[in-house]
file run-v2.txt (compact mmCIF, C-alpha atoms and all ligand atoms)
# COMPACT_ATOMS: atom_id res chain seq x y z
CA MET A 1218 13.26 -11.41 22.13
CA SER A 1219 16.27 -12.84 20.30
CA PRO A 1220 17.91 -10.43 17.84
CA LEU A 1221 17.64 -11.06 14.10
CA GLN A 1222 20.93 -12.25 12.62
CA PRO A 1223 23.29 -9.58 11.26
CA SER A 1224 24.22 -9.87 7.57
CA SER A 1225 27.76 -10.71 6.50
CA GLY A 1226 29.63 -10.71 3.18
CA ARG A 1227 27.72 -9.90 0.01
CA PRO A 1228 24.42 -8.39 1.07
CA GLY A 1229 21.32 -10.37 0.29
CA ARG A 1230 18.27 -8.57 -1.00
CA PHE A 1231 14.68 -8.88 0.05
CA ILE A 1232 11.91 -8.53 -2.54
CA SER A 1233 8.23 -8.74 -1.64
CA PHE A 1234 5.23 -9.16 -3.96
CA GLU A 1235 2.03 -7.42 -2.91
CA GLY A 1236 -1.47 -6.76 -4.17
CA ILE A 1237 -5.08 -7.72 -3.56
CA ASP A 1238 -6.13 -11.34 -4.12
CA GLY A 1239 -6.39 -12.02 -7.85
CA ALA A 1240 -3.92 -9.27 -8.83
CA GLY A 1241 -1.58 -11.74 -10.58
CA LYS A 1242 1.29 -12.21 -8.09
CA SER A 1243 1.39 -16.00 -8.31
CA SER A 1244 1.42 -15.79 -12.10
CA HIS A 1245 4.71 -13.87 -12.06
CA ILE A 1246 6.72 -14.64 -8.91
CA GLU A 1247 8.23 -17.89 -10.22
CA ALA A 1248 9.07 -16.21 -13.52
CA LEU A 1249 11.00 -13.57 -11.62
CA ALA A 1250 12.81 -16.26 -9.60
CA THR A 1251 13.82 -18.01 -12.84
CA TRP A 1252 14.94 -14.71 -14.39
CA LEU A 1253 17.09 -13.82 -11.36
CA ARG A 1254 18.62 -17.33 -11.19
CA ALA A 1255 19.60 -17.02 -14.85
CA ARG A 1256 21.54 -13.91 -13.82
CA GLY A 1257 23.54 -15.96 -11.32
CA HIS A 1258 21.71 -15.27 -8.07
CA GLU A 1259 20.74 -17.72 -5.37
CA VAL A 1260 16.99 -17.15 -5.08
CA VAL A 1261 14.83 -18.23 -2.15
CA LEU A 1262 11.13 -18.26 -2.99
CA THR A 1263 8.81 -18.07 -0.02
CA ARG A 1264 5.45 -16.68 1.15
CA GLU A 1265 3.50 -15.17 4.03
CA PRO A 1266 1.77 -16.13 6.13
CA GLY A 1267 3.98 -19.21 5.95
CA GLY A 1268 7.47 -20.16 4.84
CA THR A 1269 8.35 -22.34 7.87
CA PRO A 1270 6.57 -25.37 9.36
CA LEU A 1271 5.27 -23.29 12.28
CA ALA A 1272 4.24 -20.33 10.11
CA GLU A 1273 2.45 -22.64 7.65
CA ARG A 1274 0.41 -24.02 10.56
CA LEU A 1275 -0.45 -20.47 11.62
CA ARG A 1276 -1.42 -19.74 7.99
CA GLU A 1277 -4.02 -22.51 8.05
CA LEU A 1278 -5.58 -20.96 11.16
CA VAL A 1279 -5.52 -17.39 9.84
CA LEU A 1280 -7.08 -18.36 6.51
CA HIS A 1281 -9.75 -20.72 7.79
CA VAL A 1282 -10.64 -20.29 11.50
CA PRO A 1283 -12.89 -17.41 12.62
CA MET A 1284 -11.10 -15.08 15.05
CA ASP A 1285 -11.17 -11.49 16.23
CA PRO A 1286 -9.00 -8.82 14.55
CA LEU A 1287 -6.36 -8.62 17.32
CA THR A 1288 -5.88 -12.40 17.29
CA GLU A 1289 -5.54 -12.26 13.50
CA ALA A 1290 -2.94 -9.48 13.69
CA LEU A 1291 -0.96 -11.30 16.39
CA LEU A 1292 -0.95 -14.53 14.38
CA VAL A 1293 0.26 -12.97 11.12
CA PHE A 1294 3.06 -11.22 13.01
CA ALA A 1295 3.91 -14.37 14.99
CA ALA A 1296 4.19 -16.25 11.70
CA ARG A 1297 6.35 -13.41 10.33
CA ARG A 1298 8.72 -13.53 13.31
CA ASP A 1299 9.32 -17.26 12.89
CA HIS A 1300 9.73 -16.85 9.12
CA LEU A 1301 12.26 -14.03 9.56
CA VAL A 1302 14.33 -15.78 12.20
CA GLN A 1303 14.29 -19.28 10.71
CA HIS A 1304 14.30 -18.61 6.99
CA ILE A 1305 14.59 -15.04 5.66
CA GLU A 1306 17.46 -13.68 7.78
CA PRO A 1307 19.75 -16.73 7.29
CA ALA A 1308 19.15 -16.56 3.52
CA LEU A 1309 19.93 -12.83 3.41
CA ALA A 1310 23.03 -13.38 5.57
CA ARG A 1311 24.47 -15.78 2.97
CA GLY A 1312 23.79 -13.32 0.16
CA ALA A 1313 20.63 -14.81 -1.35
CA LEU A 1314 17.80 -12.90 -3.00
CA VAL A 1315 14.65 -13.63 -1.03
CA LEU A 1316 11.45 -13.40 -3.04
CA CYS A 1317 8.47 -13.33 -0.70
CA ASP A 1318 4.82 -13.54 -1.76
CA ARG A 1319 3.48 -10.89 0.68
CA PHE A 1320 5.07 -9.35 3.78
CA THR A 1321 4.14 -6.62 6.29
CA ASP A 1322 2.47 -4.33 3.76
CA ALA A 1323 -0.20 -7.05 3.56
CA SER A 1324 -0.84 -6.70 7.31
CA PHE A 1325 -1.34 -2.96 6.95
CA ALA A 1326 -3.53 -3.47 3.87
CA TYR A 1327 -5.67 -6.44 5.08
CA GLN A 1328 -5.75 -6.07 8.87
CA GLY A 1329 -5.35 -2.26 8.85
CA GLY A 1330 -7.28 -1.32 5.69
CA GLY A 1331 -9.62 -4.26 5.16
CA ARG A 1332 -10.51 -4.99 8.79
CA GLY A 1333 -10.04 -1.43 10.02
CA PHE A 1334 -7.70 -2.63 12.78
CA ASP A 1335 -5.66 -0.08 14.79
CA LEU A 1336 -2.64 1.05 12.73
CA ALA A 1337 -0.74 2.09 15.88
CA VAL A 1338 -0.85 -1.53 17.12
CA LEU A 1339 0.34 -2.76 13.70
CA ASN A 1340 3.20 -0.24 13.83
CA GLN A 1341 4.18 -1.54 17.27
CA LEU A 1342 4.07 -5.17 16.11
CA GLU A 1343 6.17 -4.26 13.06
CA GLN A 1344 8.81 -2.72 15.36
CA TRP A 1345 8.89 -5.73 17.69
CA VAL A 1346 8.98 -8.36 14.98
CA GLN A 1347 11.30 -6.77 12.43
CA SER A 1348 13.89 -4.95 14.58
CA GLY A 1349 17.44 -6.30 14.48
CA PRO A 1350 21.04 -5.12 14.78
CA ALA A 1351 20.85 -3.36 11.40
CA GLY A 1352 17.59 -1.60 12.23
CA LEU A 1353 14.11 -2.39 11.01
CA ARG A 1354 14.06 -5.20 8.42
CA GLN A 1355 12.00 -4.15 5.40
CA PRO A 1356 12.00 -5.38 1.81
CA ASP A 1357 14.59 -3.69 -0.42
CA LEU A 1358 11.99 -3.73 -3.16
CA THR A 1359 8.24 -4.28 -3.12
CA VAL A 1360 6.57 -5.15 -6.42
CA TRP A 1361 3.02 -3.88 -6.00
CA PHE A 1362 0.40 -5.28 -8.39
CA GLU A 1363 -2.12 -2.49 -8.64
CA LEU A 1364 -5.54 -3.04 -10.20
CA PRO A 1365 -9.19 -2.21 -9.44
CA ALA A 1366 -10.83 -4.45 -6.85
CA ALA A 1367 -13.61 -5.30 -9.32
CA THR A 1368 -11.10 -6.59 -11.90
CA ALA A 1369 -9.38 -8.73 -9.28
CA ALA A 1370 -12.76 -10.18 -8.22
CA GLU A 1371 -13.53 -11.12 -11.83
CA ARG A 1372 -10.16 -12.83 -12.14
CA ARG A 1373 -10.61 -14.76 -8.91
CA GLY A 1374 -13.93 -16.00 -10.22
CA ALA A 1375 -15.46 -19.06 -8.55
CA ALA A 1376 -12.62 -21.44 -9.29
CA ARG A 1377 -12.19 -22.70 -5.71
CA ALA A 1378 -13.60 -22.40 -2.21
CA PRO A 1379 -12.66 -18.94 -0.91
CA ASP A 1380 -10.70 -18.50 2.34
CA ARG A 1381 -11.60 -15.93 5.05
CA PHE A 1382 -10.13 -13.09 2.97
CA GLU A 1383 -11.19 -14.14 -0.53
CA ALA A 1384 -14.76 -14.41 0.78
CA GLN A 1385 -14.88 -10.67 1.58
CA ASP A 1386 -16.90 -8.21 -0.49
CA LEU A 1387 -15.73 -5.57 -2.96
CA ALA A 1388 -15.72 -2.81 -0.32
CA PHE A 1389 -13.25 -4.85 1.79
CA PHE A 1390 -10.86 -5.17 -1.16
CA GLU A 1391 -11.22 -1.47 -1.96
CA ARG A 1392 -10.09 -0.72 1.59
CA VAL A 1393 -7.22 -3.22 1.19
CA ALA A 1394 -6.15 -1.45 -2.03
CA ALA A 1395 -6.28 1.91 -0.21
CA GLY A 1396 -4.13 0.38 2.54
CA TYR A 1397 -1.49 -0.58 -0.02
CA ALA A 1398 -1.64 2.89 -1.58
CA ALA A 1399 -1.00 4.47 1.83
CA ARG A 1400 2.03 2.23 2.45
CA CYS A 1401 3.37 3.11 -1.00
CA ALA A 1402 2.88 6.83 -0.40
CA ALA A 1403 4.78 6.56 2.91
CA ASP A 1404 7.84 4.90 1.32
CA PRO A 1405 7.67 5.37 -2.47
CA ALA A 1406 11.34 4.52 -3.16
CA ARG A 1407 10.78 0.96 -1.94
CA PHE A 1408 7.79 0.32 -4.23
CA ALA A 1409 7.81 -0.74 -7.87
CA ARG A 1410 4.25 -0.05 -8.93
CA VAL A 1411 2.98 -2.36 -11.65
CA ASP A 1412 -0.21 -1.75 -13.66
CA ALA A 1413 -1.63 -5.25 -13.17
CA SER A 1414 -4.75 -4.59 -15.24
CA LEU A 1415 -2.73 -5.05 -18.45
CA PRO A 1416 -2.23 -8.38 -20.26
CA ARG A 1417 0.31 -10.79 -18.73
CA GLU A 1418 3.14 -9.94 -21.16
CA ALA A 1419 2.80 -6.23 -20.36
CA VAL A 1420 2.75 -6.95 -16.62
CA TRP A 1421 5.90 -9.05 -16.92
CA ALA A 1422 7.63 -6.33 -19.00
CA GLN A 1423 7.03 -3.82 -16.20
CA ILE A 1424 8.42 -6.20 -13.57
CA GLU A 1425 11.50 -6.96 -15.65
CA ALA A 1426 12.13 -3.25 -16.29
CA GLN A 1427 11.68 -2.30 -12.63
CA VAL A 1428 13.91 -5.07 -11.28
CA SER A 1429 16.57 -4.55 -13.98
CA ALA A 1430 16.82 -0.94 -12.87
CA ARG A 1431 18.13 -2.05 -9.47
CA PRO A 1432 21.94 -2.19 -9.46
CA TRP A 1433 22.03 -5.46 -7.51
CA ALA A 1434 19.74 -7.41 -9.86
N1 LIG B 1501 -2.47 -9.99 -16.58
C1 LIG B 1501 -3.51 -10.82 -16.46
N2 LIG B 1501 -4.60 -10.72 -17.21
C2 LIG B 1501 -5.66 -11.54 -17.06
N3 LIG B 1501 -5.71 -12.55 -16.16
C3 LIG B 1501 -4.64 -12.70 -15.36
C4 LIG B 1501 -3.49 -11.88 -15.46
N4 LIG B 1501 -2.58 -12.27 -14.53
C5 LIG B 1501 -3.15 -13.32 -13.87
N5 LIG B 1501 -4.38 -13.60 -14.37
C6 LIG B 1501 -5.33 -14.63 -13.92
O1 LIG B 1501 -5.98 -14.08 -12.79
C7 LIG B 1501 -6.17 -15.07 -11.78
C8 LIG B 1501 -5.46 -14.63 -10.48
O2 LIG B 1501 -4.05 -14.59 -10.70
P1 LIG B 1501 -3.01 -15.02 -9.55
O3 LIG B 1501 -1.66 -14.93 -10.15
O4 LIG B 1501 -3.43 -16.31 -8.93
O5 LIG B 1501 -3.26 -13.82 -8.52
P2 LIG B 1501 -2.73 -13.65 -7.02
O6 LIG B 1501 -1.62 -14.62 -6.79
O7 LIG B 1501 -2.26 -12.22 -6.98
O8 LIG B 1501 -3.93 -13.86 -6.15
C9 LIG B 1501 -5.61 -16.37 -12.35
O9 LIG B 1501 -6.67 -17.08 -12.91
C10 LIG B 1501 -4.65 -15.91 -13.43
O10 LIG B 1501 -4.56 -16.86 -14.46
C1 LIG B 1502 0.92 -11.79 4.86
C2 LIG B 1502 -0.54 -11.52 5.10
C3 LIG B 1502 -1.53 -12.10 4.32
N1 LIG B 1502 -2.83 -11.85 4.57
C4 LIG B 1502 -3.86 -12.50 3.73
C5 LIG B 1502 -3.95 -11.98 2.32
C6 LIG B 1502 -4.40 -13.16 1.51
O1 LIG B 1502 -5.81 -13.11 1.36
C7 LIG B 1502 -4.07 -14.37 2.39
C8 LIG B 1502 -3.11 -15.36 1.76
O2 LIG B 1502 -2.35 -14.76 0.81
P1 LIG B 1502 -1.96 -15.46 -0.56
O3 LIG B 1502 -0.84 -16.41 -0.30
O4 LIG B 1502 -1.73 -14.37 -1.55
O5 LIG B 1502 -3.26 -16.25 -0.94
P2 LIG B 1502 -3.45 -17.32 -2.08
O6 LIG B 1502 -2.60 -18.52 -1.74
O7 LIG B 1502 -4.91 -17.56 -1.99
O8 LIG B 1502 -3.02 -16.65 -3.37
O9 LIG B 1502 -3.56 -13.86 3.61
C9 LIG B 1502 -3.20 -11.02 5.60
O10 LIG B 1502 -4.40 -10.79 5.82
N2 LIG B 1502 -2.24 -10.43 6.38
C10 LIG B 1502 -0.91 -10.65 6.18
O11 LIG B 1502 -0.06 -10.10 6.91
call {"tool": "encode", "arguments": {"input": "run-v2.txt", "output": "structure tokens"}}
result
Amino acid sequence: MSPLQPSSGRPGRFISFEGIDGAGKSSHIEALATWLRARGHEVVLTREPGGTPLAERLRELVLHVPMDPLTEALLVFAARRDHLVQHIEPALARGALVLCDRFTDASFAYQGGGRGFDLAVLNQLEQWVQSGPAGLRQPDLTVWFELPAATAAERRGAARAPDRFEAQDLAFFERVAAGYAARCAADPARFARVDASLPREAVWAQIEAQVSARPWA
């Protein structure tokens, strides 16, 4: 396994957006990128699974091809490894702010919570994939869009053909939400919890307040 690149110069910062499907992440992530750019930062906007040509190909498989839970877990972490090595670590090393639509908390929430897959295996994969010279790479800040699974389902509506996750029932998304809550409880300082059930303006105000409170923003 090749080591992840060490950072140099001004430290970059890594911000992830998390929440169940329909929580409102996509509605706000570009606004945050624009807001941070206006404050003089280089911002790299990316997503998981995906963010590199290889990881985007793995995304298509994970979202649309039936597979067993271990295969699914291996593929999301394989995509993550490529994304980290090719895209995220080089951006952080040059001092950029990386804004990522989902990261490893999603694996614990969807594969661990939703699918009920073995958390010990996910912990091992996290160690393998995210370990580098500076320790375990984790987001510096995770903006967590929290809202009831039923509200998210209403928002998703029937606008487009659902993928393998969006097609799951309410109970699946309740387990996903519980998975996020467990990750937040284990590392509360990293999480900025946003009440995503409020109107858009109120959601944005919480994001702006939480990010502004970080000295590097
Ligand atoms: N605060 C909000 N109140 C009501 N509807 C919202 C709000 N935020 C987003 N939406 C709508 O909910 C749906 C899902 O939002 P989206 O940003 O795509 O969620 P995600 O990216 O988390 O899956 C979209 O139709 C969006 O317009
Ligand atoms: C990063 C990641 C995503 N996922 C799932 C959650 C989402 O349902 C799906 C894609 O996420 P997302 O990009 O939020 O979907 P969309 O483009 O429809 O808004 O992948 C996992 O199951 N495990 C993971 O590790």
call {"tool": "closest_residue", "arguments": {"input": "run-v2.txt", "among": "A:Asp1357, A:Arg1264, A:Arg1400, A:Thr1368", "to": "Lys1242 in chain A", "atoms": "all atoms listed in the file"}}
result
A:Arg1264
call {"tool": "closest_residue", "arguments": {"input": "run-v2.txt", "among": "A:Ser1233, A:Thr1263, A:Thr1321, A:Gln1347", "to": "ligand LIG 1502 (chain B)", "atoms": "all atoms listed in the file"}}
result
A:Thr1321
call {"tool": "residues_around", "arguments": {"input": "run-v2.txt", "residues": "range 1418-1429 of chain A", "least_positions_apart": "6", "cutoff": "12 Å", "atoms": "all atoms listed in the file", "output": "ChimeraX atom specification"}}
result
/A:1230-1234,1240-1253,1256,1316,1357-1364,1406-1412
call {"tool": "closest_residue", "arguments": {"input": "run-v2.txt", "among": "A:Glu1391, A:Glu1343, A:Arg1274, A:Asp1322", "to": "Asp1404 in chain A", "atoms": "only C-alpha atoms"}}
result
A:Asp1322
call {"tool": "residues_near_ligand", "arguments": {"input": "run-v2.txt", "ligand": "ligand LIG 1502 (chain B)", "cutoff": "7 Å", "atoms": "all atoms listed in the file", "output": "list in words"}}
result
Asp1238, Ser1243, Arg1264, Glu1265, Pro1266, Leu1280, Val1293, Phe1294, Asp1318, Arg1319, Phe1320, Thr1321, Ala1323, Ser1324, Tyr1327, Gln1328, Phe1382 and Glu1383 of chain A
call {"tool": "atom_distance", "arguments": {"input": "run-v2.txt", "atom1": "CA of Phe1390 in chain A", "atom2": "CA of Leu1292 in chain A"}}
result
20.7 Å
call {"tool": "atom_distance", "arguments": {"input": "run-v2.txt", "atom1": "CA of Tyr1397 in chain A", "atom2": "CA of Glu1289 in chain A"}}
result
18.3 Å
call {"tool": "atom_distance", "arguments": {"input": "run-v2.txt", "atom1": "CA of Ala1296 in chain A", "atom2": "CA of Gly1333 in chain A"}}
result
20.6 Å
call {"tool": "residues_near_point", "arguments": {"input": "run-v2.txt", "point": "(-1.5, -2.4, 14.8)", "cutoff": "9 Å", "atoms": "all atoms listed in the file", "output": "list in words"}}
result
Leu1287, Ala1290, Ser1324, Phe1325, Gln1328, Gly1329, Phe1334, Asp1335, Leu1336, Ala1337, Val1338, Leu1339, Asn1340, Gln1341, Leu1342 and Glu1343 of chain A
call {"tool": "residues_around", "arguments": {"input": "run-v2.txt", "residues": "Pro1365 in chain A", "least_positions_apart": "6", "cutoff": "12 Å", "atoms": "all atoms listed in the file", "output": "list in words"}}
result
Gly1236, Ile1237, Asp1238, Gly1239, Ala1240, Glu1371, Arg1372, Leu1387, Ala1388, Phe1390, Glu1391, Arg1392, Val1393, Ala1394, Ala1395, Asp1412, Ala1413, Ser1414 and Leu1415 of chain A
call {"tool": "write_last_selection", "arguments": {"input": "run-v2.txt", "atoms": "C-alpha atoms", "output": "compact mmCIF listing (two decimals), in the coordinates of the input"}}
result
# COMPACT_ATOMS: atom_id res chain seq x y z
CA GLY A 1236 -1.47 -6.76 -4.17
CA ILE A 1237 -5.08 -7.72 -3.56
CA ASP A 1238 -6.13 -11.34 -4.12
CA GLY A 1239 -6.39 -12.02 -7.85
CA ALA A 1240 -3.92 -9.27 -8.83
CA GLU A 1371 -13.53 -11.12 -11.83
CA ARG A 1372 -10.16 -12.83 -12.14
CA LEU A 1387 -15.73 -5.57 -2.96
CA ALA A 1388 -15.72 -2.81 -0.32
CA PHE A 1390 -10.86 -5.17 -1.16
CA GLU A 1391 -11.22 -1.47 -1.96
CA ARG A 1392 -10.09 -0.72 1.59
CA VAL A 1393 -7.22 -3.22 1.19
CA ALA A 1394 -6.15 -1.45 -2.03
CA ALA A 1395 -6.28 1.91 -0.21
CA ASP A 1412 -0.21 -1.75 -13.66
CA ALA A 1413 -1.63 -5.25 -13.17
CA SER A 1414 -4.75 -4.59 -15.24
CA LEU A 1415 -2.73 -5.05 -18.45
call {"tool": "closest_residue", "arguments": {"input": "run-v2.txt", "among": "A:Arg1298, A:Arg1381, A:Arg1332, A:His1304", "to": "Gln1344 in chain A", "atoms": "all atoms listed in the file"}}
result
A:Arg1298
